[in-house]
$ cat my_file29.txt   # compact mmCIF, C-alpha atoms and all ligand atoms
# COMPACT_ATOMS: atom_id res chain seq x y z
CA MET A 22 106.63 124.13 102.05
CA THR A 23 104.25 124.70 104.94
CA ALA A 24 104.95 125.22 108.63
CA TYR A 25 104.78 121.49 109.20
CA GLN A 26 107.05 119.95 106.59
CA ASP A 27 109.86 120.43 104.16
CA SER A 28 109.64 118.93 100.68
CA ALA A 29 113.18 117.50 100.75
CA LEU A 30 112.44 115.82 104.07
CA LEU A 31 109.20 114.43 102.70
CA SER A 32 110.90 112.70 99.80
CA PHE A 33 113.71 111.46 102.06
CA THR A 34 111.16 110.02 104.48
CA ALA A 35 109.12 108.45 101.69
CA GLU A 36 112.23 106.70 100.42
CA VAL A 37 113.22 105.40 103.87
CA LEU A 38 109.69 104.16 104.61
CA GLU A 39 109.48 102.36 101.28
CA ARG A 40 112.88 100.80 101.78
CA HIS A 41 111.61 99.41 105.08
CA GLY A 42 108.47 97.88 103.67
CA GLY A 43 106.03 100.79 104.03
CA LEU A 44 103.57 101.86 101.36
CA VAL A 45 103.67 105.58 100.66
CA GLU A 46 101.45 107.85 98.63
CA ARG A 47 103.04 111.25 97.99
CA GLY A 48 100.85 114.31 98.13
CA GLU A 49 102.11 117.80 97.38
CA ASP A 50 102.85 118.67 101.00
CA TYR A 51 102.17 115.45 102.88
CA LEU A 52 102.68 111.69 102.77
CA LEU A 53 100.04 109.05 103.34
CA SER A 54 101.70 105.96 104.72
CA VAL A 55 100.69 102.40 105.51
CA LEU A 56 103.33 100.79 107.69
CA PRO A 57 104.00 97.17 108.62
CA ASP A 58 103.80 96.49 112.33
CA GLY A 59 107.45 96.64 113.34
CA LEU A 60 107.98 99.81 111.34
CA SER A 61 104.98 101.59 112.81
CA ALA A 62 106.22 100.67 116.30
CA ALA A 63 109.77 101.83 115.49
CA LEU A 64 108.48 105.19 114.29
CA MET A 65 105.73 105.39 116.92
CA LEU A 66 103.21 106.07 114.19
CA PRO A 67 99.84 104.41 113.64
CA GLU A 68 99.67 101.79 110.92
CA GLU A 69 98.03 104.33 108.62
CA SER A 70 99.03 107.94 108.96
CA ARG A 71 99.35 111.28 107.29
CA ILE A 72 102.84 112.72 107.68
CA GLY A 73 103.63 116.41 107.42
CA ASP A 74 100.64 118.08 109.05
CA GLU A 75 100.20 119.63 112.47
CA HIS A 76 99.75 116.21 114.14
CA THR A 77 102.86 114.63 112.65
CA PRO A 78 105.16 117.47 111.64
CA LEU A 79 108.25 116.55 109.68
CA LEU A 80 110.87 119.21 110.30
CA TYR A 81 114.50 119.35 111.37
CA GLY A 82 114.54 118.57 115.07
CA SER A 83 111.10 116.94 115.12
CA PRO A 84 111.07 113.59 116.96
CA LEU A 85 109.61 111.81 113.93
CA LEU A 86 112.50 112.92 111.73
CA ASP A 87 114.98 111.71 114.37
CA ARG A 88 113.31 108.31 114.30
CA VAL A 89 113.30 108.19 110.49
CA ILE A 90 117.01 109.04 110.45
CA GLY A 91 117.64 106.35 113.06
CA LEU A 92 115.81 103.94 110.83
CA ALA A 93 117.81 104.93 107.78
CA THR A 94 121.12 104.41 109.55
CA THR A 95 120.55 101.02 111.13
CA THR A 96 120.19 97.92 109.04
CA VAL A 97 117.14 96.50 110.77
CA PRO A 98 115.21 98.52 113.30
CA VAL A 99 114.53 96.39 116.36
CA VAL A 100 111.65 97.09 118.67
CA TYR A 101 111.40 95.44 122.08
CA GLY A 102 108.11 94.65 123.68
CA LYS A 103 106.16 92.48 126.02
CA ILE A 104 102.90 90.68 125.44
CA HIS A 105 100.39 90.68 128.27
CA VAL A 106 98.57 87.45 128.80
CA PRO A 107 95.46 87.68 130.95
CA TYR A 108 95.47 84.02 131.89
CA LEU A 109 98.18 81.38 131.81
CA LYS A 110 97.01 77.79 131.57
CA LYS A 111 97.33 76.06 134.93
CA ASP A 112 96.57 72.42 134.29
CA GLY A 113 95.49 69.88 131.72
CA PHE A 114 98.98 69.49 130.27
CA GLY A 115 98.84 65.70 130.56
CA GLN A 116 95.81 65.86 128.30
CA VAL A 117 97.58 68.17 125.85
CA LEU A 118 100.49 65.71 125.60
CA GLU A 119 98.03 62.92 124.92
CA GLN A 120 95.96 64.82 122.39
CA TYR A 121 98.87 66.32 120.45
CA PRO A 122 101.76 63.93 121.08
CA PRO A 123 104.89 66.05 120.59
CA VAL A 124 107.05 62.95 120.06
CA LEU A 125 105.59 60.32 117.78
CA GLY A 126 105.84 56.78 119.10
CA ALA A 127 107.57 57.60 122.39
CA LYS A 128 106.22 57.64 125.92
CA VAL A 129 106.02 61.23 127.13
CA THR A 130 105.26 61.69 130.83
CA LEU A 131 104.57 65.03 132.42
CA SER A 132 106.90 65.77 135.32
CA ARG A 133 106.34 69.42 136.16
CA ARG A 134 105.01 72.78 135.10
CA ALA A 135 106.71 76.15 135.65
CA GLU A 136 105.93 79.68 134.52
CA THR A 137 108.63 81.66 132.79
CA LEU A 138 109.22 84.31 130.14
CA ALA A 139 110.21 83.24 126.63
CA SER A 140 111.43 85.53 123.88
CA TYR A 141 110.28 85.54 120.29
CA MET A 142 111.27 87.48 117.25
CA VAL A 143 108.99 88.60 114.45
CA LEU A 144 111.05 89.60 111.44
CA VAL A 145 109.72 91.35 108.36
CA CYS A 146 111.80 90.86 105.24
CA HIS A 147 111.52 92.38 101.82
CA TYR A 148 112.80 90.38 98.89
CA VAL A 149 113.48 91.08 95.24
CA ALA A 150 114.06 88.33 92.69
CA LEU A 151 115.56 89.37 89.37
CA SER A 152 115.53 87.23 86.28
CA ASP A 153 113.85 87.67 82.91
CA GLU A 154 111.07 89.08 85.08
CA ARG A 155 111.10 90.72 88.48
CA LYS A 156 109.19 89.61 91.56
CA GLU A 157 109.16 91.19 94.97
CA GLY A 158 107.33 90.57 98.19
CA LEU A 159 107.36 90.52 101.96
CA VAL A 160 107.71 87.58 104.30
CA GLN A 161 107.11 87.64 108.01
CA VAL A 162 108.59 85.01 110.22
CA ALA A 163 107.96 84.50 113.91
CA ALA A 164 110.50 82.33 115.65
CA SER A 165 111.48 81.32 119.13
CA GLU A 166 114.69 83.16 119.98
CA GLU A 167 115.86 80.25 122.05
CA THR A 168 115.50 77.50 119.45
CA THR A 169 114.79 79.48 116.21
CA ALA A 170 111.88 77.12 115.61
CA VAL A 171 109.30 78.85 113.44
CA ILE A 172 106.07 79.42 115.33
CA PRO A 173 103.15 79.23 112.91
CA GLY A 174 100.21 81.49 113.65
CA PHE A 175 102.11 83.54 116.24
CA GLU A 176 102.21 86.75 114.23
CA GLU A 177 98.45 86.70 113.50
CA GLN A 178 97.40 85.60 116.98
CA ARG A 179 99.56 88.04 118.93
CA ARG A 180 97.46 90.94 117.72
CA ARG A 181 94.67 89.76 120.03
CA PHE A 182 96.87 90.50 123.04
CA GLU A 183 97.82 93.70 124.74
CA PHE A 184 101.35 94.72 123.87
CA SER A 185 103.67 97.25 125.46
CA VAL A 186 106.86 98.61 123.98
CA LEU A 187 109.91 98.28 126.22
CA GLN A 188 111.84 101.48 125.66
CA ASP A 189 115.12 100.24 127.02
CA PRO A 190 115.32 96.51 127.56
CA GLY A 191 118.78 96.97 129.11
CA THR A 192 121.30 94.23 129.58
CA GLY A 193 120.92 91.13 131.67
CA THR A 194 117.26 90.82 130.77
CA GLN A 195 115.68 87.89 128.99
CA PHE A 196 116.98 89.45 125.78
CA ALA A 197 120.53 88.73 126.87
CA GLU A 198 121.98 87.44 123.63
CA ARG A 199 123.25 90.02 121.16
CA THR A 200 120.68 91.08 118.57
CA GLU A 201 122.90 90.27 115.60
CA ASN A 202 123.11 86.57 116.44
CA ILE A 203 119.38 86.17 116.81
CA LEU A 204 118.72 88.34 113.77
CA SER A 205 121.01 86.34 111.55
CA ARG A 206 119.48 83.06 112.70
CA VAL A 207 115.93 84.27 112.13
CA MET A 208 116.99 85.88 108.86
CA LYS A 209 118.12 82.46 107.67
CA ARG A 210 114.65 81.14 108.46
CA ALA A 211 113.13 84.03 106.53
CA SER A 212 115.39 83.31 103.55
CA ALA A 213 114.13 79.75 103.51
CA MET A 214 110.57 81.11 103.47
CA VAL A 215 111.47 83.45 100.61
CA GLU A 216 112.81 80.47 98.71
CA GLU A 217 109.48 78.74 99.23
CA ASP A 218 107.61 81.87 98.15
CA LEU A 219 109.71 82.02 95.01
CA SER A 220 109.58 78.34 94.10
CA GLU A 221 106.90 78.90 91.47
CA PHE A 222 108.71 81.89 90.02
CA VAL A 223 111.96 79.93 89.85
CA SER A 224 110.35 76.90 88.24
CA GLY A 225 108.57 79.23 85.79
CA MET A 226 111.94 80.65 84.73
CA GLN A 227 113.34 77.11 84.51
CA ARG A 228 110.47 76.07 82.22
CA ARG A 229 111.07 79.07 79.94
CA LEU A 230 114.78 78.33 79.88
CA GLU A 231 114.15 74.72 78.88
CA ARG A 232 111.69 75.81 76.20
CA ASP A 233 114.07 78.39 74.73
CA VAL A 234 117.04 76.01 74.82
CA ARG A 235 114.96 73.35 73.06
CA ASN A 236 113.86 75.86 70.39
CA THR A 237 117.44 77.03 69.90
CA GLN A 238 118.70 73.47 69.47
CA GLU A 239 115.91 72.66 67.02
CA TYR A 240 116.63 75.81 65.07
CA TYR A 241 120.33 74.99 64.73
CA GLU A 242 119.65 71.36 63.85
CA ALA A 243 117.29 72.44 61.07
CA LEU A 244 119.75 75.07 59.91
CA ALA A 245 122.59 72.54 59.75
CA LEU A 246 120.45 70.14 57.70
CA GLU A 247 119.44 72.89 55.30
CA MET A 248 123.01 74.09 54.85
CA GLU A 249 124.29 70.55 54.34
CA ALA A 250 121.67 70.01 51.68
CA GLY A 251 122.81 73.25 50.00
CA LEU A 252 126.32 71.83 49.60
CA SER A 253 125.14 69.59 46.78
CA HIS A 254 124.07 72.60 44.71
CA PRO A 255 125.65 72.12 41.22
CA ASN A 256 126.64 75.78 40.72
CA LEU A 257 128.79 76.10 43.86
CA THR A 258 132.38 77.18 43.22
CA PRO A 259 135.04 75.37 45.30
CA ALA A 260 135.57 78.59 47.34
CA GLN A 261 131.85 78.88 48.11
CA TYR A 262 131.79 75.21 49.05
CA THR A 263 134.62 75.64 51.55
CA GLU A 264 133.04 78.78 53.00
CA ARG A 265 129.71 76.99 53.59
CA GLU A 266 131.43 74.00 55.06
CA GLU A 267 133.22 76.25 57.56
CA LYS A 268 129.93 77.87 58.47
CA ILE A 269 128.39 74.47 59.17
CA ALA A 270 131.38 73.51 61.31
CA GLY A 271 130.93 76.71 63.32
CA LEU A 272 127.24 76.09 64.09
CA PRO A 273 127.69 74.08 67.36
CA ALA A 274 129.85 76.83 68.89
CA GLU A 275 127.33 79.47 67.83
CA MET A 276 124.52 77.45 69.37
CA ASN A 277 126.43 76.97 72.63
CA ALA A 278 126.97 80.71 72.89
CA LYS A 279 123.20 81.27 72.45
CA VAL A 280 122.48 78.69 75.17
CA GLN A 281 124.94 80.43 77.52
CA ASP A 282 123.10 83.71 76.94
CA LEU A 283 119.81 82.01 77.81
CA LEU A 284 121.28 80.57 81.02
CA GLN A 285 122.33 84.09 81.97
CA LYS A 286 118.95 85.56 81.02
CA TYR A 287 116.94 83.14 83.14
CA SER A 288 119.25 82.86 86.15
CA VAL A 289 117.47 84.13 89.28
CA LYS A 290 119.20 86.54 91.64
CA VAL A 291 117.49 87.07 94.96
CA SER A 292 118.18 89.69 97.59
CA VAL A 293 116.52 89.61 101.00
CA THR A 294 116.58 92.60 103.32
CA GLY A 295 115.37 92.58 106.88
CA THR A 296 113.15 95.65 107.22
CA ALA A 297 111.90 95.49 110.80
CA ALA A 298 112.16 93.20 113.78
CA LEU A 299 110.08 92.87 116.90
CA ARG A 300 111.54 91.09 119.92
CA LEU A 301 108.84 90.05 122.30
CA LEU A 302 108.73 88.63 125.77
CA VAL A 303 105.82 86.31 126.36
CA PRO A 304 104.84 84.65 129.66
CA VAL A 305 104.76 80.93 128.91
CA VAL A 306 104.48 77.62 130.70
CA LEU A 307 107.52 75.39 130.66
CA VAL A 308 106.21 71.83 130.56
CA THR A 309 108.92 69.43 131.62
CA THR A 310 108.50 65.83 130.61
CA GLN A 311 110.30 62.55 130.61
CA VAL A 312 110.56 61.05 127.12
CA GLU A 313 111.12 57.29 126.89
CA TYR A 314 111.85 55.32 123.77
CA ARG A 315 113.05 51.72 123.83
CA LYS A 316 115.88 51.62 126.37
CA GLN A 317 116.62 55.34 126.36
CA ARG A 318 115.01 58.17 128.27
CA ARG A 319 115.70 61.83 128.93
CA PRO A 320 113.95 64.92 130.25
CA VAL A 321 112.57 67.23 127.56
CA SER A 322 110.93 70.61 128.13
CA PHE A 323 108.18 71.92 125.92
CA VAL A 324 106.90 75.47 125.86
CA TRP A 325 103.16 76.06 126.16
CA ASN A 326 102.58 79.24 124.21
CA PRO A 327 99.49 81.17 125.37
CA VAL A 328 99.44 83.17 122.11
CA THR A 329 99.03 80.17 119.83
CA ARG A 330 97.43 78.08 122.61
CA THR A 331 99.60 75.13 121.84
CA LEU A 332 103.05 73.67 122.47
CA ASP A 333 105.77 75.45 120.48
CA PRO A 334 107.36 73.37 117.77
CA ARG A 335 110.94 72.31 118.40
CA VAL A 336 113.84 71.98 115.98
CA CYS A 337 115.27 68.71 114.70
CA GLU A 338 118.32 67.87 116.81
CA VAL A 339 120.23 66.81 113.71
CA CYS A 340 119.38 69.31 110.94
CA GLY A 341 117.75 72.19 112.85
CA LYS A 342 114.52 72.20 110.83
CA THR A 343 111.32 73.15 112.67
CA ILE A 344 109.22 70.13 113.56
CA SER A 345 105.80 70.12 115.14
CA GLN A 346 106.02 66.43 115.85
CA ALA A 347 109.41 64.86 116.54
CA ARG A 348 110.49 61.28 116.04
CA PRO A 349 112.56 59.56 118.71
CA MET A 350 115.85 58.08 117.61
CA GLU A 351 118.19 55.91 119.64
CA HIS A 352 121.71 57.22 119.57
CA LYS A 353 124.88 56.21 121.37
CA SER A 354 125.08 59.69 122.90
CA GLY A 355 121.49 59.37 124.13
CA LEU A 356 117.95 59.74 122.83
CA LYS A 357 117.56 62.29 120.02
CA LEU A 358 114.40 64.01 118.77
CA VAL A 359 114.57 64.42 115.00
CA CYS A 360 112.60 65.19 111.83
CA PRO A 361 111.33 62.41 109.50
CA ALA A 362 114.13 63.12 107.00
CA CYS A 363 116.87 62.66 109.63
CA TRP A 364 115.26 59.63 111.21
CA THR A 365 117.40 56.56 110.55
CA GLY A 366 115.99 54.21 113.17
CA ARG A 367 113.69 51.27 112.65
ZN ZN B 1 116.29 66.82 110.58
$ encode --input "my_file29.txt" --output "structure tokens" --more "lines below"
Ligand SMILES: [Zn+2]
Amino acid sequence: MTAYQDSALLSFTAEVLERHGGLVERGEDYLLSVLPDGLSAALMLPEESRIGDEHTPLLYGSPLLDRVIGLATTTVPVVYGKIHVPYLKKDGFGQVLEQYPPVLGAKVTLSRRAETLASYMVLVCHYVALSDERKEGLVQVAASEETTAVIPGFEEQRRRFEFSVLQDPGTGTQFAERTENILSRVMKRASAMVEEDLSEFVSGMQRRLERDVRNTQEYYEALALEMEAGLSHPNLTPAQYTEREEKIAGLPAEMNAKVQDLLQKYSVKVSVTGTAALRLLVPVVLVTTQVEYRKQRRPVSFVWNPVTRTLDPRVCEVCGKTISQARPMEHKSGLKLVCPACWTGR
């Protein structure tokens, strides 16, 4: 122990950081850490830092330790912030709607433009998949808090902008809804991304399962044939004959038990843990339009996102999936904007 750290606190901190997606190298009286964005903001540490020296002491009562303890006791640390946009697009939205039609095959007319603040969440999740092998990884999902539509490119692009942490966002701000609701919705999105990430792993396990089941069946088929052939052996006593016959009769059950074991061995269990969340306010342009399709029309607002420099995707109004380009569908309750899979029109 030196004046700047305590070895028990170092190992505690290393464990908490790792659990929240950080990479930690343990020295004798320090830690070298590489932290994902949300985590480094939550701990107010640079992305790469040395913990336990005079610059970042780790002792009882030190602010860093308080933050690490806070992190260990909440499920997902949430950091609030605001992105500063030097310039918000003023015109040319008619052109944008023409160039990147947000609704395929419908007439979309611009009616007005208004500046507002939109909120987004960037969630970092750690996942572990256990089967015959183990796979783990991180997924990051950026989503609109209003619609939960996934915003591709947001997380990478936002780093180009100035960002300030909001210490106490308070109530009645643009972050009005309770964190848990938003978190669970975005977490669902992240789980879907994990599933995608794991699709190869899962199909790999499936292929091995099929291979092993096939080999097991072939083995037992061959065994049954061999044993049946053995029944005609001239020196068999009646007792031996009966015993072998019973063995043959028991083979299917034995094989089924082996197959059940294989199903167990190759089943995939996945756990996903949210490790850090960033909730961000971004000045955006609300582009209100009139969408017309056949005999139906309705106003639809799109969000021009200055971070990704494009219109935010929306979600399908039937299944909730993110869609960059919607399809119009006539409905007795009024015009709906849906994904290709939910589209039932002609
Ligand atoms: Zn859909």
$ residues_around --input "my_file29.txt" --residues "Val312 of chain A" --least-positions-apart "6" --cutoff "6 Å" --atoms "all atoms listed in the file" --output "list in words"
Lys128, Val129, Arg318 and Arg319 of chain A
$ residues_near_point --input "my_file29.txt" --point "(110.7, 100.0, 104.4)" --cutoff "12 Å" --atoms "only C-alpha atoms" --output "PyMOL selection string"
chain A and resi 34-45+54-61+63-64+89+92-93+95-98+145-148+158-159+294-298
$ closest_atom_pairs --input "my_file29.txt" --of "chain A" --to "ligand ZN 1 (chain B)" --cutoff "12 Å" --atoms "only C-alpha atoms and all ligand atoms" --output "Markdown table"
| residue | atom | partner | partner_atom | distance |
| --- | --- | --- | --- | --- |
| A:Arg335 | CA | B:ZN1 | ZN | 11.0 |
| A:Val336 | CA | B:ZN1 | ZN | 7.9 |
| A:Cys337 | CA | B:ZN1 | ZN | 4.6 |
| A:Glu338 | CA | B:ZN1 | ZN | 6.6 |
| A:Val339 | CA | B:ZN1 | ZN | 5.0 |
| A:Cys340 | CA | B:ZN1 | ZN | 4.0 |
| A:Gly341 | CA | B:ZN1 | ZN | 6.0 |
| A:Lys342 | CA | B:ZN1 | ZN | 5.7 |
| A:Thr343 | CA | B:ZN1 | ZN | 8.3 |
| A:Ile344 | CA | B:ZN1 | ZN | 8.4 |
| A:Ser345 | CA | B:ZN1 | ZN | 11.9 |
| A:Gln346 | CA | B:ZN1 | ZN | 11.5 |
| A:Ala347 | CA | B:ZN1 | ZN | 9.3 |
| A:Arg348 | CA | B:ZN1 | ZN | 9.7 |
| A:Pro349 | CA | B:ZN1 | ZN | 11.5 |
| A:Met350 | CA | B:ZN1 | ZN | 11.2 |
| A:Lys357 | CA | B:ZN1 | ZN | 10.5 |
| A:Leu358 | CA | B:ZN1 | ZN | 8.9 |
| A:Val359 | CA | B:ZN1 | ZN | 5.3 |
| A:Cys360 | CA | B:ZN1 | ZN | 4.2 |
| A:Pro361 | CA | B:ZN1 | ZN | 6.7 |
| A:Ala362 | CA | B:ZN1 | ZN | 5.6 |
| A:Cys363 | CA | B:ZN1 | ZN | 4.3 |
| A:Trp364 | CA | B:ZN1 | ZN | 7.3 |
| A:Thr365 | CA | B:ZN1 | ZN | 10.3 |
$ atom_distance --input "my_file29.txt" --atom1 "atom CA of Arg228 of chain A" --atom2 "atom CA of Tyr240 of chain A"
18.2 Å
$ closest_residue --input "my_file29.txt" --among "A:Leu118, A:Ala274, A:Val124, A:Ile104" --to "Glu183 of chain A" --atoms "only C-alpha atoms"
A:Ile104
$ closest_residue --input "my_file29.txt" --among "A:Met276, A:Leu66, A:Met214, A:Leu187" --to "Arg235 of chain A" --atoms "only C-alpha atoms"
A:Met276
$ atom_distance --input "my_file29.txt" --atom1 "atom CA of Ala278 of chain A" --atom2 "atom CA of Ser253 of chain A"
28.4 Å
$ residues_around --input "my_file29.txt" --residues "Leu299 of chain A" --least-positions-apart "3" --cutoff "7 Å" --atoms "all atoms listed in the file" --output "list of chain:residue names"
A:Gly59, A:Val99, A:Val100, A:Tyr101, A:Met142, A:Val143, A:Leu144
$ residues_near_point --input "my_file29.txt" --point "(103.7, 76.0, 108.7)" --cutoff "12 Å" --atoms "all atoms listed in the file" --output "NGL selection string"
:A and (162-164 or 170-175 or 214 or 217 or 333-334 or 342-345)
$ atom_distance --input "my_file29.txt" --atom1 "atom CA of Leu301 of chain A" --atom2 "atom CA of Phe184 of chain A"
9.0 Å
$ residues_around --input "my_file29.txt" --residues "Val117 of chain A" --least-positions-apart "2" --cutoff "12 Å" --atoms "all atoms listed in the file" --output "PyMOL selection string"
chain A and resi 110+112-115+119-123+129-131+308+323-325+330-332
$ closest_residue --input "my_file29.txt" --among "A:Leu138, A:Val207, A:Val234, A:Leu272" --to "Glu249 of chain A" --atoms "all atoms listed in the file"
A:Leu272
$ build_atoms --input "my_file29.txt" --residues "segment 313-322 of chain A" --atoms "all heavy atoms" --output "compact mmCIF listing (two decimals), in the coordinates of the input"
# COMPACT_ATOMS: atom_id res chain seq x y z
N GLU A 313 110.54 58.64 126.88
CA GLU A 313 111.12 57.29 126.89
C GLU A 313 110.90 56.63 125.54
O GLU A 313 109.80 56.66 125.00
CB GLU A 313 110.41 56.42 127.93
CG GLU A 313 110.78 56.75 129.36
CD GLU A 313 109.97 55.86 130.31
OE1 GLU A 313 110.22 54.63 130.32
OE2 GLU A 313 109.08 56.41 130.99
N TYR A 314 111.97 56.04 125.03
CA TYR A 314 111.85 55.32 123.77
C TYR A 314 112.80 54.13 123.84
O TYR A 314 114.00 54.31 124.05
CB TYR A 314 112.20 56.23 122.59
CG TYR A 314 112.13 55.55 121.26
CD1 TYR A 314 110.91 55.10 120.75
CD2 TYR A 314 113.27 55.36 120.50
CE1 TYR A 314 110.85 54.47 119.51
CE2 TYR A 314 113.21 54.74 119.26
CZ TYR A 314 112.00 54.30 118.77
OH TYR A 314 111.93 53.69 117.55
N ARG A 315 112.27 52.95 123.68
CA ARG A 315 113.05 51.72 123.83
C ARG A 315 113.81 51.76 125.15
O ARG A 315 113.23 51.95 126.18
CB ARG A 315 113.95 51.51 122.62
CG ARG A 315 113.08 51.30 121.38
CD ARG A 315 113.86 50.87 120.20
NE ARG A 315 112.94 50.57 119.12
CZ ARG A 315 113.31 50.39 117.87
NH1 ARG A 315 114.59 50.46 117.54
NH2 ARG A 315 112.42 50.11 116.95
N LYS A 316 115.16 51.68 125.09
CA LYS A 316 115.88 51.62 126.37
C LYS A 316 116.40 52.98 126.80
O LYS A 316 117.12 53.09 127.78
CB LYS A 316 117.05 50.62 126.25
CG LYS A 316 116.55 49.19 126.15
CD LYS A 316 117.66 48.20 126.49
CE LYS A 316 117.14 46.78 126.54
NZ LYS A 316 117.04 46.14 125.21
N GLN A 317 116.06 54.02 126.01
CA GLN A 317 116.62 55.34 126.36
C GLN A 317 115.53 56.27 126.88
O GLN A 317 114.37 56.17 126.51
CB GLN A 317 117.31 55.95 125.13
CG GLN A 317 118.54 55.15 124.72
CD GLN A 317 119.32 55.81 123.60
OE1 GLN A 317 118.74 56.33 122.65
NE2 GLN A 317 120.63 55.77 123.69
N ARG A 318 115.94 57.18 127.75
CA ARG A 318 115.01 58.17 128.27
C ARG A 318 115.77 59.44 128.59
O ARG A 318 116.96 59.42 128.84
CB ARG A 318 114.31 57.65 129.53
CG ARG A 318 115.31 57.19 130.59
CD ARG A 318 114.79 57.10 132.02
NE ARG A 318 113.41 56.70 132.18
CZ ARG A 318 112.61 57.19 133.15
NH1 ARG A 318 113.09 58.12 133.97
NH2 ARG A 318 111.40 56.76 133.31
N ARG A 319 115.06 60.55 128.54
CA ARG A 319 115.70 61.83 128.93
C ARG A 319 114.62 62.87 129.21
O ARG A 319 113.50 62.78 128.69
CB ARG A 319 116.64 62.33 127.83
CG ARG A 319 115.94 62.77 126.57
CD ARG A 319 116.94 63.37 125.61
NE ARG A 319 116.66 64.77 125.39
CZ ARG A 319 116.73 65.34 124.17
NH1 ARG A 319 117.08 64.63 123.13
NH2 ARG A 319 116.46 66.61 124.03
N PRO A 320 114.93 63.86 130.02
CA PRO A 320 113.95 64.92 130.25
C PRO A 320 113.92 65.87 129.06
O PRO A 320 114.97 66.17 128.49
CB PRO A 320 114.49 65.63 131.50
CG PRO A 320 115.94 65.30 131.58
CD PRO A 320 116.16 64.03 130.81
N VAL A 321 112.73 66.27 128.66
CA VAL A 321 112.57 67.23 127.56
C VAL A 321 111.54 68.28 127.98
O VAL A 321 110.49 67.93 128.49
CB VAL A 321 112.08 66.54 126.26
CG1 VAL A 321 111.87 67.55 125.14
CG2 VAL A 321 113.05 65.45 125.80
N SER A 322 111.88 69.54 127.79
CA SER A 322 110.93 70.61 128.13
C SER A 322 110.25 71.13 126.88
O SER A 322 110.89 71.33 125.85
CB SER A 322 111.65 71.76 128.81
OG SER A 322 112.10 71.33 130.07
